[in-house]
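K.L.:
What follows is structure12.txt; its format and atoms are compact mmCIF, C-alpha atoms and all ligand atoms.
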```txt
# COMPACT_ATOMS: atom_id res chain seq x y z
CA MET A 15 -120.68 118.59 -107.27
CA SER A 16 -120.51 115.65 -109.65
CA GLU A 17 -121.33 112.88 -107.18
CA THR A 18 -124.48 114.56 -105.89
CA GLN A 19 -125.89 115.79 -109.14
CA HIS A 20 -126.90 112.83 -111.24
CA ASN A 21 -129.73 113.37 -113.68
CA LYS A 22 -133.03 112.92 -111.89
CA GLY A 23 -135.28 112.63 -114.95
CA PRO A 24 -139.00 113.43 -115.21
CA TRP A 25 -141.12 112.69 -112.16
CA PHE A 26 -143.13 110.01 -113.91
CA HIS A 27 -139.94 108.14 -114.73
CA ARG A 28 -138.75 108.42 -111.15
CA PHE A 29 -142.17 107.33 -109.89
CA LEU A 30 -142.10 104.33 -112.24
CA ILE A 31 -138.67 103.32 -110.96
CA LYS A 32 -139.91 103.47 -107.38
CA LEU A 33 -143.03 101.49 -108.29
CA LEU A 34 -140.97 98.83 -110.03
CA GLY A 35 -138.65 98.77 -107.02
CA VAL A 36 -141.63 97.97 -104.80
CA ALA A 37 -142.77 95.31 -107.28
CA LEU A 38 -139.28 93.82 -107.28
CA ALA A 39 -139.27 93.70 -103.49
CA LEU A 40 -142.67 91.98 -103.45
CA LEU A 41 -141.65 89.43 -106.07
CA CYS A 42 -138.41 88.67 -104.23
CA PHE A 43 -140.39 88.28 -101.02
CA TRP A 44 -142.81 85.82 -102.63
CA LEU A 45 -140.06 83.86 -104.33
CA ILE A 46 -138.10 83.50 -101.11
CA GLY A 47 -141.36 82.65 -99.33
CA PHE A 48 -142.13 79.81 -101.76
CA VAL A 49 -138.65 78.35 -101.48
CA VAL A 50 -138.64 78.57 -97.69
CA ASN A 51 -142.16 77.17 -97.34
CA ASP A 52 -141.42 74.20 -99.59
CA LEU A 53 -138.40 73.45 -97.44
CA GLY A 54 -140.45 73.71 -94.27
CA HIS A 55 -143.04 71.17 -95.36
CA LEU A 56 -141.20 68.07 -94.17
CA PRO A 57 -143.58 66.02 -92.02
CA GLY A 58 -143.21 66.41 -88.27
CA PRO A 59 -144.00 63.88 -85.53
CA ASN A 60 -147.39 62.20 -85.98
CA TYR A 61 -149.44 62.29 -82.79
CA ILE A 62 -152.00 59.67 -83.88
CA GLU A 63 -149.26 57.21 -84.76
CA MET A 64 -147.51 57.91 -81.43
CA GLU A 65 -150.72 57.25 -79.51
CA GLU A 66 -151.26 53.97 -81.34
CA ARG A 67 -147.76 52.94 -80.36
CA MET A 68 -147.68 54.16 -76.76
CA LEU A 69 -151.26 53.92 -75.51
CA ASP A 70 -152.81 50.62 -74.31
CA GLN A 71 -155.01 49.85 -77.30
CA SER A 72 -157.29 47.46 -75.33
CA LEU A 73 -158.32 50.47 -73.21
CA VAL A 74 -159.12 52.45 -76.34
CA GLU A 75 -161.15 49.57 -77.74
CA ARG A 76 -163.04 49.13 -74.49
CA TYR A 77 -163.79 52.84 -74.51
CA GLY A 78 -165.13 52.62 -78.06
CA ALA A 79 -167.26 49.55 -77.19
CA LEU A 80 -168.65 51.36 -74.13
CA LYS A 81 -169.62 54.34 -76.24
CA ASP A 82 -171.35 52.00 -78.70
CA SER A 83 -173.38 50.24 -76.03
CA ILE A 84 -174.32 53.57 -74.43
CA ARG A 85 -175.63 54.73 -77.77
CA ASP A 86 -177.54 51.46 -78.27
CA THR A 87 -179.08 51.62 -74.80
CA LYS A 88 -180.18 55.20 -75.33
CA ARG A 89 -181.81 54.24 -78.60
CA THR A 90 -183.65 51.29 -76.96
CA ILE A 91 -184.92 53.55 -74.17
CA GLY A 92 -186.17 55.98 -76.79
CA GLU A 93 -188.02 53.20 -78.62
CA GLN A 94 -189.65 51.93 -75.41
CA GLN A 95 -190.75 55.44 -74.54
CA LYS A 96 -192.32 55.82 -77.95
CA ARG A 97 -194.25 52.56 -77.46
CA GLN A 98 -195.32 53.81 -74.05
CA THR A 99 -196.75 56.97 -75.56
CA LEU A 100 -198.73 54.93 -78.09
CA LEU A 101 -200.02 52.69 -75.31
CA ARG A 102 -201.06 55.69 -73.24
CA ASP A 103 -203.17 56.95 -76.12
CA SER A 104 -204.72 53.53 -76.59
CA THR A 105 -205.43 53.17 -72.84
CA SER A 106 -207.16 56.50 -72.52
CA ASN A 107 -209.17 55.63 -75.61
CA SER A 108 -210.42 52.33 -74.17
CA GLN A 109 -211.08 54.04 -70.85
CA ARG A 110 -213.30 56.58 -72.57
CA THR A 111 -215.18 53.83 -74.40
CA MET A 112 -215.66 51.92 -71.17
CA ASN A 113 -217.03 54.96 -69.35
CA GLN A 114 -219.47 55.66 -72.15
CA LEU A 115 -220.71 52.08 -72.11
CA LEU A 116 -221.11 52.21 -68.31
CA ALA A 117 -223.09 55.44 -68.52
CA PHE A 118 -225.26 53.90 -71.19
CA GLN A 119 -225.92 50.84 -69.04
CA LYS A 120 -226.72 52.97 -66.06
CA LEU A 121 -229.24 54.88 -68.10
CA SER A 122 -230.81 51.63 -69.31
CA LEU A 123 -231.05 50.33 -65.73
CA GLU A 124 -232.75 53.52 -64.62
CA LYS A 125 -235.39 52.96 -67.30
CA ASP A 126 -235.69 49.32 -66.11
CA VAL A 127 -234.43 47.98 -69.39
CA ALA A 128 -231.98 45.09 -69.10
CA PRO A 129 -228.77 45.59 -71.14
CA SER A 130 -228.53 43.38 -74.16
CA VAL A 131 -225.98 40.61 -74.47
CA GLU A 132 -223.99 42.59 -77.05
CA GLU A 133 -223.82 45.57 -74.75
CA GLN A 134 -222.52 43.47 -71.91
CA GLN A 135 -220.03 41.80 -74.17
CA ALA A 136 -218.78 45.17 -75.46
CA LEU A 137 -218.35 46.41 -71.90
CA ALA A 138 -216.43 43.27 -70.89
CA GLU A 139 -214.27 43.56 -73.99
CA SER A 140 -213.37 47.20 -73.37
CA GLN A 141 -212.64 46.41 -69.69
CA ARG A 142 -210.33 43.60 -70.74
CA LEU A 143 -208.53 45.82 -73.24
CA PHE A 144 -208.13 48.58 -70.68
CA LEU A 145 -206.62 46.20 -68.12
CA SER A 146 -204.25 44.58 -70.59
CA ASN A 147 -203.09 48.02 -71.74
CA GLN A 148 -202.49 49.01 -68.16
CA LYS A 149 -200.46 45.85 -67.64
CA ALA A 150 -198.37 46.44 -70.76
CA TYR A 151 -197.77 50.05 -69.70
CA GLN A 152 -196.50 48.88 -66.31
CA ASP A 153 -194.21 46.31 -67.98
CA LEU A 154 -192.76 49.00 -70.23
CA ASN A 155 -192.20 51.24 -67.24
CA GLU A 156 -190.23 48.52 -65.52
CA ARG A 157 -188.21 47.81 -68.66
CA ILE A 158 -187.36 51.51 -69.08
CA SER A 159 -186.27 51.86 -65.49
CA GLU A 160 -184.05 48.76 -65.87
CA LEU A 161 -182.52 50.20 -69.03
CA THR A 162 -181.92 53.56 -67.33
CA ASP A 163 -180.09 51.83 -64.48
CA HIS A 164 -178.00 49.96 -67.03
CA LEU A 165 -177.24 53.22 -68.85
CA ASP A 166 -176.16 54.91 -65.61
CA GLY A 167 -173.73 52.06 -64.97
CA LEU A 168 -172.33 52.28 -68.50
CA GLU A 169 -171.88 56.03 -68.24
CA ALA A 170 -170.08 55.74 -64.94
CA GLN A 171 -167.71 53.22 -66.53
CA GLU A 172 -167.18 55.52 -69.48
CA ARG A 173 -166.28 58.45 -67.23
CA GLU A 174 -163.82 56.35 -65.30
CA LEU A 175 -162.21 55.01 -68.46
CA LYS A 176 -162.00 58.49 -69.92
CA THR A 177 -160.10 59.72 -66.88
CA THR A 178 -157.72 56.78 -67.14
CA LEU A 179 -157.14 57.43 -70.84
CA ASN A 180 -156.53 61.14 -70.28
CA GLU A 181 -153.95 60.36 -67.62
CA ALA A 182 -152.25 57.86 -69.92
CA ARG A 183 -152.14 60.50 -72.67
CA ILE A 184 -150.28 63.09 -70.59
CA PRO A 185 -146.79 61.60 -71.11
CA ILE A 186 -147.54 60.95 -74.79
CA ARG A 187 -148.55 64.57 -75.30
CA ALA A 188 -145.42 65.75 -73.51
CA GLU A 189 -143.21 63.61 -75.71
CA HIS A 190 -145.04 64.77 -78.81
CA ARG A 191 -144.51 68.40 -77.79
CA GLN A 192 -140.82 67.76 -77.30
CA LEU A 193 -140.48 66.03 -80.68
CA GLN A 194 -142.43 68.85 -82.32
CA ARG A 195 -140.12 71.45 -80.79
CA GLY A 196 -137.07 69.59 -82.11
CA HIS A 197 -138.67 69.34 -85.53
CA ASP A 198 -139.48 73.07 -85.50
CA LEU A 199 -135.89 73.92 -84.64
CA ARG A 200 -134.59 71.74 -87.46
CA MET A 201 -136.99 73.43 -89.89
CA ALA A 202 -135.92 76.86 -88.65
CA GLY A 203 -132.29 75.88 -89.14
CA LEU A 204 -132.99 74.67 -92.65
CA LYS A 205 -134.80 77.90 -93.55
CA MET A 206 -132.09 80.02 -92.01
CA ALA A 207 -129.49 78.07 -93.99
CA VAL A 208 -131.21 79.39 -97.11
CA LEU A 209 -131.92 82.87 -95.77
CA LEU A 210 -128.53 83.71 -94.28
CA PRO A 211 -126.57 83.46 -97.56
CA LEU A 212 -129.31 85.55 -99.16
CA LEU A 213 -128.95 88.08 -96.38
CA ILE A 214 -125.20 88.25 -97.02
CA VAL A 215 -125.82 88.69 -100.75
CA ALA A 216 -128.26 91.49 -99.99
CA LEU A 217 -125.74 93.12 -97.68
CA VAL A 218 -122.99 92.97 -100.33
CA LEU A 219 -125.41 94.38 -102.90
CA PHE A 220 -126.30 97.16 -100.50
CA ILE A 221 -122.66 98.07 -99.88
CA LYS A 222 -121.78 97.96 -103.59
CA LEU A 223 -124.80 99.78 -104.96
CA ARG A 224 -125.48 102.25 -102.17
CA GLY A 225 -125.59 105.83 -103.43
CA GLY A 226 -125.40 104.72 -107.05
CA PRO A 227 -128.17 104.71 -109.65
CA TYR A 228 -128.93 101.03 -108.99
CA ALA A 229 -129.36 101.46 -105.24
CA ILE A 230 -133.06 100.67 -105.50
CA LEU A 231 -132.17 97.08 -106.49
CA ALA A 232 -130.25 96.66 -103.26
CA TYR A 233 -133.06 98.21 -101.23
CA ALA A 234 -135.72 95.97 -102.81
CA VAL A 235 -133.79 92.71 -102.39
CA GLY A 236 -132.57 93.67 -98.93
CA ALA A 237 -136.04 94.59 -97.68
CA ALA A 238 -137.52 91.34 -99.03
CA VAL A 239 -134.85 89.14 -97.42
CA LEU A 240 -134.92 91.04 -94.15
CA VAL A 241 -138.69 90.84 -93.76
CA LYS A 242 -138.62 87.11 -94.53
CA VAL A 243 -135.87 86.52 -91.97
CA VAL A 244 -137.86 88.37 -89.33
CA LEU A 245 -141.01 86.40 -90.17
CA VAL A 246 -139.22 83.03 -90.02
CA MET A 247 -137.64 83.96 -86.71
CA HIS A 248 -141.01 85.02 -85.38
CA GLU A 249 -142.52 81.72 -86.47
CA TYR A 250 -139.97 79.43 -84.91
CA PHE A 251 -138.27 81.15 -82.03
CA PRO A 252 -140.24 81.41 -78.83
CA SER A 253 -141.76 84.89 -78.68
CA ARG A 254 -140.09 85.25 -75.30
CA TYR A 255 -136.68 85.48 -77.03
CA PHE A 256 -137.93 86.89 -80.27
CA LYS A 257 -139.25 90.09 -78.77
CA TYR A 258 -135.77 90.86 -77.42
CA ILE A 259 -134.21 90.25 -80.83
CA LEU A 260 -136.83 92.43 -82.50
CA ILE A 261 -136.50 95.23 -79.96
CA GLY A 262 -132.71 95.03 -80.24
CA VAL A 263 -132.79 95.34 -84.02
CA CYS A 264 -135.28 98.21 -83.87
CA LEU A 265 -133.14 99.97 -81.27
CA LEU A 266 -130.09 99.64 -83.51
CA ILE A 267 -131.97 101.05 -86.49
CA VAL A 268 -133.41 103.95 -84.50
CA LEU A 269 -130.04 104.76 -82.93
CA ARG A 270 -128.35 104.62 -86.32
CA ALA A 271 -130.92 106.99 -87.84
CA LEU A 272 -130.69 109.30 -84.85
CA PHE A 273 -126.90 109.48 -85.03
CA TYR A 274 -127.08 110.11 -88.74
CA LEU A 275 -129.54 112.98 -88.37
CA ILE A 276 -127.59 114.55 -85.52
CA ARG A 277 -124.35 114.28 -87.48
CA VAL A 278 -125.95 115.85 -90.54
CA LEU A 279 -127.12 118.73 -88.37
CA ALA A 280 -123.75 119.15 -86.70
CA ARG A 281 -121.63 118.77 -89.84
CA PRO A 282 -123.95 119.09 -92.81
CA GLN A 283 -123.13 117.48 -96.09
CA ARG A 284 -122.59 119.81 -99.01
CA SER A 285 -125.58 118.58 -101.01
CA TRP A 286 -127.84 118.92 -98.03
CA LEU A 287 -126.59 122.47 -97.37
CA LEU A 288 -126.99 123.44 -101.01
CA LYS A 289 -130.57 122.21 -100.96
CA GLN A 290 -131.23 124.41 -97.95
CA TYR A 291 -129.57 127.44 -99.62
CA ARG A 292 -131.46 126.91 -102.84
CA GLU A 293 -134.82 126.76 -101.08
CA ALA A 294 -133.99 129.90 -99.09
CA TYR A 295 -132.98 131.87 -102.21
CA GLU A 296 -136.18 130.71 -103.91
CA ALA A 297 -138.22 132.13 -101.04
CA PHE A 298 -136.11 135.33 -100.92
CA VAL A 299 -135.00 134.72 -97.34
CA CYS A 300 -131.53 134.56 -95.88
CA PRO A 301 -130.32 130.91 -95.89
CA VAL A 302 -128.65 131.43 -92.53
CA CYS A 303 -131.17 133.39 -90.43
CA ALA A 304 -134.31 133.37 -92.65
CA TYR A 305 -134.56 137.19 -92.65
CA PRO A 306 -136.23 138.41 -95.90
CA ILE A 307 -133.81 139.46 -98.66
CA ARG A 308 -135.21 142.94 -99.46
CA ARG A 309 -133.36 143.85 -102.59
CA GLY A 310 -134.19 145.06 -106.07
CA PRO A 311 -137.97 145.30 -106.70
CA MET A 312 -138.74 143.65 -103.34
CA LYS A 313 -137.09 146.32 -101.26
CA TYR A 314 -140.26 147.65 -99.60
CA LEU A 315 -142.35 144.51 -99.45
CA TYR A 316 -143.21 142.18 -96.63
CA TRP A 317 -143.47 138.38 -96.92
CA ASP A 318 -142.64 135.06 -95.29
CA ARG A 319 -142.09 131.58 -96.69
CA ARG A 320 -145.83 131.01 -97.03
CA SER A 321 -146.85 134.25 -98.72
CA ILE A 322 -143.85 134.53 -101.07
CA ARG A 323 -145.61 132.66 -103.87
CA LYS A 324 -148.36 135.24 -104.23
CA LEU A 325 -145.88 138.07 -103.95
CA ALA A 326 -143.44 136.71 -106.51
CA SER A 327 -146.14 136.24 -109.13
CA ARG A 328 -146.61 140.02 -109.35
CA PRO A 329 -144.68 141.73 -112.13
CA ALA A 330 -141.55 143.54 -110.99
CA ALA A 331 -142.38 147.20 -110.46
CA THR A 332 -138.94 148.71 -110.95
CA ASP A 333 -135.86 147.73 -112.81
CA GLU A 334 -133.17 148.62 -110.35
CA PRO A 335 -129.56 147.65 -111.12
CA ASP A 336 -128.30 144.49 -109.45
CA GLU A 337 -126.13 145.30 -106.46
CA PRO A 338 -124.15 143.15 -104.03
CA TYR A 339 -126.17 142.40 -100.91
CA ALA A 340 -125.51 141.20 -97.38
CA CYS A 341 -128.14 140.03 -94.88
CA PRO A 342 -128.83 142.97 -92.55
CA ALA A 343 -129.72 140.59 -89.73
CA CYS A 344 -126.78 138.18 -89.67
CA SER A 345 -124.37 139.97 -92.05
CA THR A 346 -123.95 136.90 -94.27
CA ARG A 347 -122.92 137.77 -97.85
CA LEU A 348 -125.84 136.78 -100.12
CA TYR A 349 -125.08 138.49 -103.47
CA GLU A 350 -121.60 139.52 -104.65
CA LYS A 351 -119.66 140.48 -107.74
CA CYS A 352 -118.46 137.46 -109.73
CA ALA A 353 -114.69 137.19 -109.66
CA LYS A 354 -114.68 136.22 -113.33
CA CYS A 355 -117.30 138.31 -115.13
CA GLY A 356 -117.96 141.11 -112.62
CA GLU A 357 -121.75 140.65 -112.64
CA VAL A 358 -123.67 140.11 -109.39
CA ARG A 359 -124.17 136.45 -108.49
CA HIS A 360 -125.52 134.36 -105.55
CA SER A 361 -122.77 134.11 -102.94
CA MET A 362 -123.93 130.81 -101.49
CA LEU A 363 -124.85 128.92 -104.69
CA PRO A 364 -122.06 127.22 -106.61
CA THR A 365 -122.43 128.76 -110.08
CA CYS A 366 -122.57 132.32 -111.47
CA GLN A 367 -125.78 132.70 -113.50
CA ASN A 368 -124.06 135.09 -115.95
CA CYS A 369 -120.85 133.35 -116.92
CA GLY A 370 -121.39 129.81 -115.56
CA ASP A 371 -118.21 130.01 -113.48
CA THR A 372 -118.31 127.44 -110.65
CA ALA A 373 -115.90 129.10 -108.29
CA GLU A 374 -116.23 127.62 -104.84
CA ALA A 375 -118.59 130.04 -103.16
CA ASP A 376 -118.16 130.66 -99.45
CA SER A 377 -120.81 128.07 -98.69
CA GLU A 378 -119.34 127.17 -95.32
CA SER A 379 -119.95 130.64 -93.91
CA GLY A 380 -122.41 131.06 -91.09
ZN ZN B 401 -129.21 136.54 -92.44
ZN ZN B 402 -119.75 135.34 -113.53
```
For the file at hand, write its structure as structure tokens.

P.N.:
Amino acid sequence: MSETQHNKGPWFHRFLIKLLGVALALLCFWLIGFVVNDLGHLPGPNYIEMEERMLDQSLVERYGALKDSIRDTKRTIGEQQKRQTLLRDSTSNSQRTMNQLLAFQKLSLEKDVAPSVEEQQALAESQRLFLSNQKAYQDLNERISELTDHLDGLEAQERELKTTLNEARIPIRAEHRQLQRGHDLRMAGLKMAVLLPLLIVALVLFIKLRGGPYAILAYAVGAAVLVKVVLVMHEYFPSRYFKYILIGVCLLIVLRALFYLIRVLARPQRSWLLKQYREAYEAFVCPVCAYPIRRGPMKYLYWDRRSIRKLASRPAATDEPDEPYACPACSTRLYEKCAKCGEVRHSMLPTCQNCGDTAEADSESG
């Protein structure tokens, strides 16, 4: 009796202990996380540095220069096109002026009035402007087409160079990947070197404190370390292997729990049995077969585990004398005369409620 019945305390106290246990686990988890992360922050292989070392830098420079000249050419083409647009406006303007002047002249000729010198001069001037604009527009067109050809050539070169560069980068990338993998493994080893001793400490704590009042300490620390170990493994080991490890661990845990439950059912522990008996007596049903215990004032009533609460709150109708009682369904002894004081007591609970005698009741029966 003594090892199972430690003082449980008020529920708020118990709740507080559990809450603090969770807080302890979280704090441990964070602390371990900080330590492990600080360890894992050693710099790995630097890809940019590797490329500078292993890639032909003249190619890279040529590529950069090509990109620059492509950008410049595009900008020049844009500028020429803008000038062309302005010219087009100007050309259509002078064309309109010219047409108006021509129409005016025609009208004058129809009226047999000779155009004045100024009018003729204005017409000649607008014709000249129109033609020169046309010429400039053509020149710009030629220039733009030349520039576009140049741009096409540059872009073709750029594409070719890009392909070459990409091919040259393949072995560098492969080597970088390999170096990175090695670095990751070293980091994982370093972290595990911290975590494994912690895991052993947690295990020792668990073994020492299990079942005792300080068990929650072991659970909190153990859970924190275990979760961190799993996370680190997940981070560094290829998921191809990791999933097997994870599944294996889960299988072990599930099997362990299953075996435990089956064993408890097959050969129940005393505390577990007593809990069952106590709950059955509270509900006035036989602990072995759950048949209602119809005795005393409840002799002619009907109830089950759900309705017993309502029933039991009614005042007892009669005051019959307490008699020994056996379950009529499974013939288990449920109430009997106390060997010490002679009063009737629960057969399957450890203590007589009259004299406090804790004679070993026949709790293994059934
Ligand atoms: Zn029974
Ligand atoms: Zn007694």

K.L.:
What residues of the protein or nucleic acid chains come within 8 Å of ligand ZN 401 (chain B) when you use all atoms listed in the file? Reply as number ranges by chain.

P.N.:
A: 299-305, 340-346

K.L.:
Under the rule that all atoms listed in the file are counted, which of A:Ile214, A:Cys366, A:Val268, A:Ile186 is the nearest residue to ligand ZN 402 (chain B)?

P.N.:
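For ligand ZN 402 (chain B), the nearest of the given residues is A:Cys366.
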
K.L.:
Counting all atoms listed in the file, figure out which residue out of A:Val241, A:Ala297, A:Val358, A:Ile91 gets nearest to Leu161 (chain A).

P.N.:
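Selected residue with least distance to Leu161 (chain A): A:Ile91.
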
K.L.:
Report as an MDAnalysis selection string which protein, DNA and RNA residues come within 12 Å of ligand ZN 402 (chain B), using all atoms listed in the file.

P.N.:
chainID A and resid 349:361 364:373 375

K.L.:
Excluding region 111-121 of chain A and its own-chain neighbours fewer than 2 positions away, which residues fall within 12 Å of it when counting all atoms listed in the file? Please give them as a list in words.

P.N.:
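Final neighbour list, sorted by chain and number: Ser104, Thr105, Ser106, Asn107, Ser108, Gln109, Leu123, Glu124, Lys125, Asp126, Val127, Ala128, Pro129, Ser130, Val131, Glu132, Glu133, Gln134, Gln135, Ala136, Leu137, Ala138, Glu139, Ser140, Gln141, Arg142, Leu143, Phe144 and Leu145 of chain A.
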
K.L.:
Between A:Met247, A:Arg157, A:Gln290, A:Leu101, which one has atoms that come closest to Gly203 (chain A), using all atoms listed in the file?

P.N.:
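Among A:Met247, A:Arg157, A:Gln290, A:Leu101, it is A:Met247 that comes nearest to Gly203 (chain A).
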
K.L.:
Quote the spacing between CA of Val50 (chain A) and CA of Val239 (chain A) in Å to one decimal place.

P.N.:
11.2 Å

K.L.:
With distances taken over all atoms listed in the file, which of A:Leu272, A:Ile221, A:Leu73, A:Leu348 is nearest to Arg309 (chain A)?

P.N.:
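Looking at the shortest contact to Arg309 (chain A), the residue is A:Leu348.
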
K.L.:
Rounded to one decimal, what separation in Å do you get between CA of Arg28 (chain A) and CA of Pro282 (chain A)?

P.N.:
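Interatomic distance here is 25.9 Å.
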
K.L.:
In Å to one decimal, how far is CA of Asp153 (chain A) from CA of Lys88 (chain A)?

P.N.:
18.2 Å

K.L.:
Ranking A:Gln95, A:Gln194, A:Thr162, A:Ser253 by minimum distance to Asn60 (chain A) and counting all atoms listed in the file, which one comes first?

P.N.:
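Among A:Gln95, A:Gln194, A:Thr162, A:Ser253, it is A:Gln194 that comes nearest to Asn60 (chain A).
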